[in-house]
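Reviewing the structure listed below.
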Amino acid sequence: MKDKKLRKYIYYMLLTGLSCVVFFAVMFLIFGGVWGKLALGTLLCLPPARLLTEIFGFSKSKNYGFALISTILIIMLFLEYKI
Amino acid sequence: MNIWLLIPIGFVIGLIGSMFGIGGGLFVVPVLHFGFKVPLHQAIACSLLTIVASSMMATMSKVRNGVTNIRLSKALEIPSISGAIFGSAVVGAMPLSVLKIMFSAVAVAMAVDMFKNPVRVLAGGKERVYTAGGEGDAFADSFRDKATGRTVRYQVKNLKWAVPVSLTAGFLSSTLGIGGGVINVPLITNVCKAPVKVASATSSYKLGLTACAGSIMYFKQGYIIPDVTIMMVLGILAGAYVGMNILLRVKAFYIELLFGMLMLGVAVKMLMSL
């Protein structure tokens, strides 16, 4: 299996992120209000956070080509947000 | 209808979506629009967010087992997003009926190819054997198949064809409004010759980013209905987790058989909408 460390980083990042999403979602169901936006905002942050993790992981294993692809993708996402 | 029903409905959609590597937008939009009378734009916005949720959960469940081929996903992401951007720019100028007929023909061909392995196994033959890649092969990988208890080593082939096909897939997905998964899974299985479980997991991995790009715009414009989306997301997260664990334990030919049927269904639906 390739990129073992990167897979571990992604797993823990997503575990933390999704736990927050579920926590905020449950809080929204109980209290309503701003918790909903927090849950959905956190969910939307996960794909860019995954890309950042990939850049970090690929750079550490010296796979600069793949790290560059992740960087391009994050720029594309950012441009989409700006537009 | 009672809004709490969205949790079990989301569970079923998440289960199916994560098993086959499709986002689930195929089901979410009609359920919300026709079943819960949610306006179409809000239903699409909710559907995109649920795809992000399903993809992230599927990635989390799969990434440590090695079933997801991160490198292959990276190689196909830029062409498919570029194709989608090009598609959305020329969508008005294209004759949709021609595109729909073309897509249906390709979908039927891919479904037939998908059926080859299950038919061989059901006729008493052996399952497809994959060739292991060498150490220097950047895209070759392996994973442990829990259904058979064996380690499957495979090589990614025809990458020079997969890139333009992925570009076309992105183009078709944005012009026809179909999810990327329906195209990604057959692409990775039939063109790249990777196992169907890898195709499904890699497609799930890839989908989250594409859906995120779309949902940012809807989020900014305030199209998201929080209560509906959150109910759906909670159901989908649970469903996607269960679906991914089922996928690891089910024999590959069942997935190929069911996915082939799904492809035929999409082709028929596309032809009927002409």
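Quick note on naming: the chains in the structure tokens go A, B, ... in the order shown, residues restart at 1 in each chain, and ligands are numbered from 1 in order of appearance.
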Neighbours of chain A in chain B at 8 Å, counting only C-alpha atoms, as a compact mmCIF listing (two decimals) with C-alpha atoms, in the first residue's frame:
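Result written to result13.txt:
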# COMPACT_ATOMS: atom_id res chain seq x y z
CA LEU B 49 -23.58 19.29 0.23
CA VAL B 52 -19.51 16.30 0.05
CA ALA B 53 -20.67 14.55 3.25
CA MET B 56 -15.79 12.61 3.11
CA MET B 57 -17.26 9.75 5.14
CA THR B 59 -12.92 8.55 2.21
CA MET B 60 -12.49 8.29 5.96
CA SER B 61 -13.73 4.69 6.03
CA VAL B 63 -8.47 5.56 2.97
CA ARG B 64 -6.68 3.55 5.65
CA GLY B 66 -5.61 1.24 0.89
CA ARG B 71 -2.55 9.13 -6.93
CA LYS B 74 -5.08 13.23 -8.40
CA ALA B 75 -4.24 12.38 -12.01
CA ILE B 78 -7.72 18.31 -13.04
CA ASP B 141 -1.09 -0.26 -5.56
CA SER B 142 -2.56 -3.04 -3.45
CA PHE B 143 -5.32 -3.51 -0.89
CA GLY B 208 -16.09 15.51 -2.76
CA LEU B 209 -13.90 18.15 -4.34
CA CYS B 212 -17.49 21.30 -2.89
CA ALA B 213 -16.60 23.65 -5.77
CA SER B 215 -21.73 24.05 -3.29
CA ILE B 216 -19.54 27.02 -2.29
CA MET B 217 -21.48 29.18 -4.75
CA PRO B 226 -30.12 24.31 7.09
CA ASP B 227 -32.72 21.99 8.68
CA ILE B 230 -28.60 18.79 8.13
CA LEU B 234 -26.79 13.11 9.24
With only C-alpha atoms as the counted atoms, please give the residues lying no more than 9 Å from Lys62 of chain B, apart from itself and same-chain residues fewer than 6 positions off, as a count of residues only. 6
Set the distance at 12 Å and use only C-alpha atoms: which residues neighbour segment 84-91 of chain B once local chain neighbours fewer than 2 positions away are removed? I'd like the list as a ChimeraX atom specification. /A:76,80 /B:77-82,93-96,99,166-180,210-211,213-214
